[in-house]
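> Input file: final-v9.csv. Contents: CSV, C-alpha atoms.
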chain,number,residue,atom,x,y,z
A,1,LEU,CA,0.0,0.0,0.0
A,2,ARG,CA,1.9,3.0,-1.3
A,3,GLY,CA,-0.7,5.7,-0.7
A,4,LEU,CA,-4.3,6.2,0.6
A,5,GLU,CA,-6.9,8.9,-0.1
A,6,THR,CA,-10.6,9.0,1.0
A,7,ASP,CA,-13.4,11.4,0.5
A,8,PHE,CA,-13.3,12.0,4.3
A,9,ASP,CA,-9.7,13.2,4.5
A,10,PRO,CA,-10.7,16.9,4.9
A,11,ILE,CA,-12.9,16.2,7.9
A,12,PRO,CA,-10.9,16.4,11.2
A,13,LEU,CA,-10.8,13.2,13.2
A,14,LEU,CA,-13.3,11.4,10.9
A,15,GLY,CA,-10.7,11.4,8.0
A,16,SER,CA,-8.2,9.6,10.3
A,17,ILE,CA,-10.7,7.1,11.4
A,18,VAL,CA,-11.7,6.2,7.9
A,19,GLN,CA,-8.1,5.9,6.7
A,20,GLU,CA,-7.4,3.6,9.7
A,21,VAL,CA,-10.4,1.4,8.8
A,22,ALA,CA,-9.2,1.3,5.2
A,23,ARG,CA,-5.7,0.3,6.2
A,24,SER,CA,-7.1,-2.4,8.5
A,25,GLN,CA,-9.2,-3.8,5.7
A,26,HIS,CA,-6.2,-3.8,3.4
A,27,GLU,CA,-4.1,-5.6,6.1
A,28,ALA,CA,-6.8,-8.2,6.6
A,29,ARG,CA,-6.8,-9.0,2.9
A,30,ARG,CA,-3.0,-9.0,2.5
A,31,TRP,CA,-2.9,-12.8,2.9
A,32,GLU,CA,-5.3,-13.2,-0.1
A,33,ALA,CA,-2.9,-11.1,-2.2
A,34,ASP,CA,0.1,-13.0,-1.0
A,35,ARG,CA,-1.6,-16.3,-1.8
A,36,GLU,CA,-2.5,-15.1,-5.3
A,37,VAL,CA,1.1,-14.0,-5.9
A,38,GLU,CA,2.4,-17.4,-4.6
A,39,ALA,CA,-0.1,-19.2,-6.8
A,40,LYS,CA,1.0,-17.3,-9.9
A,41,LEU,CA,4.7,-17.9,-9.1
A,42,ARG,CA,4.0,-21.5,-8.5
A,43,ALA,CA,2.1,-21.9,-11.7
A,44,ARG,CA,4.9,-20.2,-13.7
A,45,ALA,CA,7.6,-22.3,-12.1
A,46,LYS,CA,5.7,-25.5,-12.6
A,47,ALA,CA,5.1,-24.6,-16.3
A,48,GLN,CA,8.8,-23.9,-16.8
A,49,ILE,CA,10.0,-27.1,-15.0
A,50,ASP,CA,7.4,-29.2,-16.8
A,51,ALA,CA,8.5,-27.8,-20.2
A,52,GLU,CA,12.2,-28.6,-19.5
A,53,ALA,CA,11.4,-32.0,-18.0
A,54,ASP,CA,9.1,-32.9,-20.8
A,55,ALA,CA,11.8,-32.1,-23.4
A,56,ARG,CA,14.4,-34.2,-21.6
A,57,LEU,CA,12.0,-37.0,-20.7
A,58,THR,CA,10.9,-37.2,-24.3
A,59,SER,CA,14.5,-37.6,-25.4
A,60,VAL,CA,15.1,-40.3,-22.8
A,61,SER,CA,11.8,-42.0,-23.6
A,62,ARG,CA,12.7,-42.1,-27.3
A,63,ASN,CA,16.2,-43.5,-26.7
A,64,LEU,CA,14.7,-46.1,-24.3
A,65,GLN,CA,12.1,-47.1,-26.8
A,66,GLU,CA,14.5,-47.4,-29.7
A,67,GLN,CA,17.5,-48.9,-28.0
A,68,ILE,CA,15.9,-51.2,-25.4
A,69,LEU,CA,12.1,-51.7,-25.5
A,70,GLU,CA,11.8,-52.3,-29.3
A,71,PRO,CA,14.6,-54.8,-29.4
A,72,MET,CA,13.2,-56.6,-26.4
A,73,ALA,CA,9.7,-56.7,-27.9
A,74,SER,CA,11.1,-58.1,-31.1
A,75,LEU,CA,12.9,-60.9,-29.2
A,76,GLY,CA,9.7,-61.7,-27.3
A,77,LEU,CA,11.1,-60.5,-23.9
A,78,GLY,CA,8.3,-58.0,-23.0
A,79,PRO,CA,9.2,-56.3,-20.8
A,80,GLU,CA,6.2,-56.9,-18.6
A,81,MET,CA,5.3,-54.3,-16.0
A,82,VAL,CA,5.2,-55.9,-12.5
A,83,GLU,CA,4.8,-52.8,-10.4
A,84,ALA,CA,5.1,-49.0,-10.9
A,85,LYS,CA,4.6,-46.4,-8.3
A,86,THR,CA,5.4,-42.8,-7.6
A,87,ASP,CA,5.4,-40.9,-4.2
A,88,SER,CA,6.8,-37.6,-3.0
A,89,GLN,CA,10.3,-39.1,-2.7
A,90,ARG,CA,10.8,-41.8,-5.3
A,91,ILE,CA,9.8,-43.3,-8.7
A,92,THR,CA,9.9,-47.1,-8.5
A,93,MET,CA,9.5,-49.6,-11.3
A,94,ARG,CA,9.7,-53.4,-11.5
A,95,LEU,CA,9.9,-55.1,-14.8
A,96,ARG,CA,10.0,-58.8,-15.9
A,97,ILE,CA,12.3,-59.4,-18.8
A,98,GLY,CA,11.5,-62.8,-20.4
A,99,GLY,CA,9.0,-64.8,-22.3
A,100,ALA,CA,6.3,-67.1,-21.0
A,101,ASP,CA,8.7,-70.0,-21.2
A,102,HIS,CA,11.4,-68.3,-19.1
A,103,LEU,CA,12.1,-68.5,-15.4
A,104,GLY,CA,12.5,-65.4,-13.2
A,105,ALA,CA,14.1,-64.4,-9.9
A,106,HIS,CA,13.4,-66.6,-6.8
A,107,THR,CA,15.6,-64.8,-4.2
A,108,PRO,CA,15.1,-61.4,-2.6
A,109,ARG,CA,16.8,-58.5,-4.3
A,110,PRO,CA,19.4,-56.4,-2.5
A,111,TRP,CA,18.1,-53.3,-0.9
A,112,ALA,CA,19.7,-50.0,-1.9
A,113,PRO,CA,21.0,-47.6,0.8
A,114,SER,CA,18.2,-45.3,2.1
A,115,ASP,CA,20.0,-42.1,0.9
A,116,SER,CA,20.5,-43.3,-2.6
A,117,LEU,CA,19.4,-41.0,-5.4
A,118,ALA,CA,19.1,-43.7,-8.0
A,119,SER,CA,19.5,-47.4,-7.9
A,120,PHE,CA,18.7,-50.6,-9.9
A,121,GLN,CA,18.8,-54.3,-9.4
A,122,VAL,CA,18.9,-56.9,-12.1
A,123,HIS,CA,18.6,-60.6,-11.8
A,124,GLU,CA,20.8,-63.0,-13.8
A,125,SER,CA,17.6,-64.6,-15.3
A,126,ALA,CA,16.8,-61.4,-17.2
A,127,ILE,CA,20.2,-61.5,-18.9
A,128,ASN,CA,20.0,-65.3,-19.5
A,129,ASN,CA,16.5,-64.9,-21.0
A,130,PHE,CA,17.9,-62.2,-23.3
A,131,LEU,CA,20.8,-64.5,-24.3
A,132,ASP,CA,18.4,-67.4,-25.0
A,133,ARG,CA,16.4,-65.2,-27.4
A,134,LEU,CA,19.5,-64.4,-29.4
A,135,ASP,CA,19.0,-68.0,-30.7
A,136,LEU,CA,22.7,-69.0,-30.7
A,137,ALA,CA,22.3,-72.6,-29.8
A,138,GLY,CA,23.7,-75.0,-32.4
A,139,ARG,CA,24.5,-72.3,-34.8
A,140,THR,CA,27.8,-71.7,-36.6
A,141,PHE,CA,29.3,-68.3,-37.2
A,142,THR,CA,32.4,-66.5,-38.2
A,143,LEU,CA,33.0,-63.6,-35.9
A,144,PRO,CA,31.8,-60.9,-38.4
A,145,GLU,CA,28.6,-63.1,-38.9
A,146,LEU,CA,28.1,-63.3,-35.2
A,147,ARG,CA,28.3,-59.5,-34.9
A,148,ARG,CA,25.8,-59.0,-37.7
A,149,TRP,CA,23.5,-61.6,-36.2
A,150,VAL,CA,23.4,-59.8,-32.8
A,151,ALA,CA,23.2,-56.4,-34.4
A,152,ASP,CA,20.1,-57.4,-36.4
A,153,ARG,CA,18.3,-58.7,-33.3
A,154,LEU,CA,19.2,-55.6,-31.2
A,155,HIS,CA,18.5,-53.1,-34.0
A,156,ARG,CA,22.0,-51.8,-33.5
A,157,PRO,CA,23.7,-51.8,-36.9
A,158,GLU,CA,26.8,-50.1,-35.5
A,159,PHE,CA,27.7,-53.4,-33.8
A,160,ALA,CA,28.3,-55.0,-37.2
A,161,GLN,CA,30.9,-52.4,-38.2
A,162,ARG,CA,33.5,-53.4,-35.6
A,163,GLN,CA,36.6,-55.3,-36.6
A,164,THR,CA,39.1,-57.3,-34.6
A,165,GLU,CA,42.2,-59.4,-35.2
A,166,HIS,CA,40.1,-62.5,-34.7
A,167,ASP,CA,37.7,-62.0,-37.6
A,168,ASP,CA,39.0,-65.2,-39.2
A,169,LEU,CA,37.6,-67.2,-36.2
A,170,GLU,CA,34.7,-69.7,-36.8
A,171,LEU,CA,32.7,-71.3,-34.0
A,172,THR,CA,29.7,-73.5,-33.4
A,173,PHE,CA,27.8,-73.1,-30.2
A,174,ALA,CA,26.4,-76.0,-28.1
A,175,GLU,CA,22.8,-77.0,-28.5
A,176,GLN,CA,22.0,-76.3,-24.9
A,177,ASP,CA,23.0,-73.2,-22.8
A,178,PRO,CA,25.6,-71.8,-25.3
A,179,VAL,CA,26.1,-68.7,-23.2
A,180,VAL,CA,25.2,-68.5,-19.5
A,181,VAL,CA,25.9,-65.8,-16.9
A,182,ARG,CA,25.8,-66.1,-13.1
A,183,PHE,CA,25.7,-63.5,-10.2
A,184,GLN,CA,27.1,-65.5,-7.3
A,185,ASN,CA,29.6,-65.2,-4.4
A,186,GLY,CA,30.4,-61.6,-5.1
A,187,ARG,CA,31.4,-62.2,-8.7
A,188,PHE,CA,29.9,-62.1,-12.2
A,189,SER,CA,30.7,-65.1,-14.4
A,190,VAL,CA,30.1,-65.8,-18.1
A,191,GLN,CA,30.3,-69.3,-19.5
A,192,LEU,CA,30.5,-70.3,-23.2
A,193,SER,CA,29.8,-73.9,-24.3
A,194,ILE,CA,31.4,-74.5,-27.7
A,195,VAL,CA,31.1,-77.6,-29.9
A,196,TYR,CA,33.7,-76.5,-32.5
A,197,LEU,CA,36.2,-73.6,-32.8
A,198,ARG,CA,38.6,-72.9,-35.6
A,199,LYS,CA,41.2,-70.2,-36.0
A,200,GLY,CA,43.7,-70.4,-38.7
A,201,GLN,CA,45.0,-74.0,-38.8
A,202,ASN,CA,44.0,-74.7,-35.2
A,203,GLU,CA,40.7,-76.5,-34.3
A,204,TRP,CA,39.2,-77.4,-31.0
A,205,THR,CA,36.0,-79.3,-30.1
A,206,ASN,CA,33.6,-79.8,-27.2
A,207,PHE,CA,34.8,-77.5,-24.4
A,208,GLN,CA,33.6,-74.7,-22.1
A,209,VAL,CA,35.2,-71.4,-21.2
A,210,CYS,CA,34.4,-69.5,-18.1
A,211,ALA,CA,35.6,-66.0,-17.0
A,212,PHE,CA,34.9,-64.4,-13.6
A,213,TYR,CA,34.6,-60.7,-13.0
A,214,ARG,CA,34.6,-58.8,-9.7
A,215,PRO,CA,33.0,-55.4,-9.1
A,216,GLU,CA,35.1,-52.3,-8.7
A,217,ILE,CA,34.2,-48.6,-8.2
A,218,ASP,CA,36.0,-45.4,-8.7
A,219,GLY,CA,33.8,-42.5,-7.7
A,220,ALA,CA,30.9,-42.5,-10.1
A,221,ASP,CA,32.3,-45.2,-12.3
A,222,ALA,CA,31.2,-48.8,-11.7
A,223,ARG,CA,32.9,-51.6,-13.6
A,224,LEU,CA,33.6,-55.3,-13.7
A,225,VAL,CA,37.2,-56.4,-13.9
A,226,ARG,CA,38.2,-60.0,-14.8
A,227,ASP,CA,39.2,-61.9,-11.7
A,228,GLY,CA,41.8,-64.5,-12.1
A,229,VAL,CA,42.6,-66.7,-15.1
A,230,VAL,CA,40.2,-67.9,-17.8
A,231,HIS,CA,38.9,-71.4,-16.9
A,232,LEU,CA,38.6,-74.2,-19.3
A,233,ARG,CA,36.7,-77.5,-19.1
A,234,GLY,CA,36.8,-80.4,-21.5
A,235,GLU,CA,39.1,-83.1,-22.8
A,236,LEU,CA,41.9,-80.7,-23.7
A,237,ASP,CA,45.6,-81.5,-24.0
A,238,MET,CA,48.3,-79.1,-22.9
A,239,ARG,CA,48.8,-77.6,-26.4
A,240,SER,CA,45.0,-77.0,-26.7
A,241,GLN,CA,44.9,-75.3,-23.3
A,242,ILE,CA,47.7,-73.0,-24.2
A,243,GLY,CA,46.1,-72.0,-27.5
A,244,LEU,CA,42.6,-71.5,-26.0
A,245,ARG,CA,43.9,-69.5,-23.0
A,246,GLY,CA,45.8,-67.2,-25.3
A,247,LEU,CA,42.7,-66.7,-27.5
A,248,PHE,CA,40.1,-66.2,-24.7
A,249,GLY,CA,42.5,-64.3,-22.5
A,250,LYS,CA,42.3,-61.6,-25.2
A,251,ALA,CA,38.5,-62.0,-25.6
A,252,PHE,CA,38.0,-61.5,-21.8
A,253,ASP,CA,40.8,-59.0,-21.5
A,254,LYS,CA,41.8,-58.2,-17.9
A,255,GLU,CA,42.9,-54.7,-19.0
A,256,LYS,CA,39.5,-53.9,-20.5
A,257,PRO,CA,36.9,-53.9,-17.8
A,258,LEU,CA,33.2,-53.9,-18.4
A,259,HIS,CA,31.9,-50.5,-17.5
A,260,ILE,CA,28.4,-50.5,-15.9
A,261,SER,CA,28.1,-46.7,-15.6
A,262,PRO,CA,27.3,-44.9,-18.8
A,263,GLU,CA,30.3,-43.1,-20.3
A,264,HIS,CA,28.9,-39.6,-20.0
A,265,ILE,CA,28.1,-39.9,-16.2
A,266,SER,CA,31.5,-40.0,-14.5
A,267,PRO,CA,32.9,-36.8,-16.1
A,268,ASP,CA,29.7,-34.8,-15.6
A,269,PRO,CA,30.4,-32.0,-13.2
A,270,ARG,CA,27.0,-32.6,-11.6
A,271,MET,CA,28.3,-35.9,-10.3
A,272,ARG,CA,31.1,-34.2,-8.3
A,273,GLU,CA,29.3,-34.7,-5.0
A,274,LEU,CA,28.0,-38.1,-5.8
A,275,MET,CA,29.5,-41.6,-6.0
A,276,ILE,CA,28.6,-45.3,-6.3
A,277,THR,CA,27.4,-46.1,-2.8
A,278,GLN,CA,26.6,-49.8,-3.6
A,279,PHE,CA,27.8,-52.4,-6.0
A,280,VAL,CA,26.9,-55.8,-4.8
A,281,ILE,CA,26.6,-59.2,-6.5
A,282,GLU,CA,24.8,-62.0,-4.5
A,283,ASP,CA,22.1,-64.7,-4.7
A,284,GLY,CA,21.6,-64.1,-8.5
A,285,TRP,CA,21.3,-60.4,-8.2
A,286,ALA,CA,23.5,-57.4,-9.1
A,287,GLY,CA,22.6,-54.1,-7.4
A,288,VAL,CA,24.1,-50.6,-8.0
A,289,ALA,CA,23.2,-47.4,-6.2
A,290,ILE,CA,24.3,-43.8,-6.6
A,291,GLY,CA,24.2,-41.4,-3.6
A,292,PRO,CA,26.1,-38.6,-1.8
A,293,LYS,CA,29.8,-39.0,-1.4
A,294,GLN,CA,30.9,-40.8,1.8
A,295,ARG,CA,34.1,-40.6,3.7
A,296,SER,CA,34.5,-44.4,3.8
A,297,VAL,CA,33.3,-47.1,1.5
A,298,PRO,CA,30.6,-49.3,3.1
A,299,PRO,CA,31.2,-53.0,3.1
A,300,GLU,CA,28.5,-53.8,0.6
A,301,VAL,CA,30.3,-51.8,-2.1
A,302,ALA,CA,32.3,-53.9,-4.6
A,303,ARG,CA,32.4,-56.8,-2.2
A,304,LEU,CA,35.2,-59.4,-2.6
A,305,PRO,CA,34.3,-63.0,-3.4
A,306,LYS,CA,33.1,-65.1,-0.5
A,307,GLY,CA,34.9,-68.1,-1.9
A,308,PRO,CA,35.8,-70.0,-5.1
A,309,ALA,CA,32.9,-70.6,-7.5
A,310,SER,CA,32.2,-74.2,-8.5
A,311,LEU,CA,32.4,-75.2,-12.1
A,312,GLY,CA,33.0,-78.9,-11.8
A,313,PRO,CA,36.3,-80.1,-13.1
A,314,ILE,CA,38.5,-77.2,-14.1
A,315,TYR,CA,41.5,-77.6,-16.2
Can you turn what I pasted into structure tokens?

Amino acid sequence: LRGLETDFDPIPLLGSIVQEVARSQHEARRWEADREVEAKLRARAKAQIDAEADARLTSVSRNLQEQILEPMASLGLGPEMVEAKTDSQRITMRLRIGGADHLGAHTPRPWAPSDSLASFQVHESAINNFLDRLDLAGRTFTLPELRRWVADRLHRPEFAQRQTEHDDLELTFAEQDPVVVRFQNGRFSVQLSIVYLRKGQNEWTNFQVCAFYRPEIDGADARLVRDGVVHLRGELDMRSQIGLRGLFGKAFDKEKPLHISPEHISPDPRMRELMITQFVIEDGWAGVAIGPKQRSVPPEVARLPKGPASLGPIY
């Protein structure tokens, strides 16, 4: 209220009384004005936030649809929504990735720390269901043919453009469980069952290869690093073992970890005060969480193996 004039101002005493009444009425209605201003500011801020969020979410949704959901749908993997809920603190979503003929999780998932800003848990069955739908069992490929086969099924043509020194390799996968992954005892393992493998003049038949990976973190970077040597199983003489170890030692390169965090996250300045607060592998589950930086790393982060994994006879 910057100024006040009434028709009664020239009248002594009455003018003052009228002005005081007017000021009292104005003061009594100030909360209405404040509420109206707040409502307008809130509406303007909400509209601005919604516009920015919609643009970013549209981009994320489009990438998710093109790179994940459409390839999964084409492979008959769903995903099927199990649960989705939103409250004032969190958005939570549970998905089942698999066909009607696939198994799912049967153990409880690891819980993320209560102060985590984002977290996810994935069960080994989701990855094995995906590998099953690639339809590798019993098929023979050269390495370039294998890349094209996978690229076509994932709608990712860039995969087929890669080249390696092993492109002359030819292999035939086993009829059952050609590629299997496991999340157990603090480690991630991948096992290949191969009926026939040829590289150059060398040939090998009926064997399995298994590599173990342990979780590591470095700030906002989560990765899996090969743990120990590559394991072989089968009727293999010493010469075959040496040749295969050399070949798969490069395929599962200890110097080339598997990065779990997207490449653009770690260098992002907005991640300066954040870190990976959980990276755990147990009972068929892998769990990763991002939260505020901590002075010490909690024991559930990048936990070491509880003991040696069992593969049967290992050579």
> Counting all atoms listed in the file, which residue out of A:Val288, A:Val195, A:Leu154, A:Ile217 sits closest to Glu70 of chain A?
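That would be A:Leu154, the residue with the smallest distance to Glu70 of chain A.
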> Which of these residues is nearest to Gly284 of chain A, using only C-alpha atoms: A:Gly186, A:Gly99, A:Gly3, A:Pro178?
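Nearest candidate to Gly284 of chain A out of A:Gly186, A:Gly99, A:Gly3, A:Pro178: A:Gly186.
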> Distance atom CA of Asp54 of chain A-atom CA of Met81 of chain A, one decimal place?
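The value is 22.3 Å.
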> Which residue gives the smallest distance to Asn129 of chain A among A:Arg56, A:Arg90, A:Arg239, A:Arg96, with all atoms listed in the file counted?
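That would be A:Arg96, the residue with the smallest distance to Asn129 of chain A.
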> Counting only C-alpha atoms, figure out which residue out of A:Ala220, A:Leu274, A:Ala286, A:Val181 gets nearest to Pro108 of chain A.
A:Ala286
> Between atom CA of Phe120 of chain A and atom CA of Ile276 of chain A, what is the spacing in Å?
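Between atom CA of Ile276 of chain A and atom CA of Phe120 of chain A the gap works out to 11.8 Å.
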> Quick one: distance from atom CA of Gln89 of chain A to atom CA of Leu117 of chain A in Å, one decimal?
9.7 Å
> Extract, using only C-alpha atoms, all DNA, RNA and protein residues at most 12 Å from Asp177 of chain A, discarding same-chain residues fewer than 2 positions from it, and format them as a VMD selection string.
chain A and resid 128 to 129 131 to 138 173 to 175 179 to 181 190 to 195 208
> Put the listed atoms of segment 193-212 of chain A in a box along x, y and z with 6 Å added on every side and give me the centre and edge lengths in Å to one decimal, as AutoDock Vina command-line options.

--center_x 37.4 --center_y -72.1 --center_z -26.2 --size_x 27.2 --size_y 27.4 --size_z 37.2
> Which of these, A:Leu103, A:Ala222, A:Met238, A:Met275, has the shortest distance to Ile260 of chain A once you count only C-alpha atoms?
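Of A:Leu103, A:Ala222, A:Met238, A:Met275, the one nearest Ile260 of chain A is A:Ala222, counting only C-alpha atoms.
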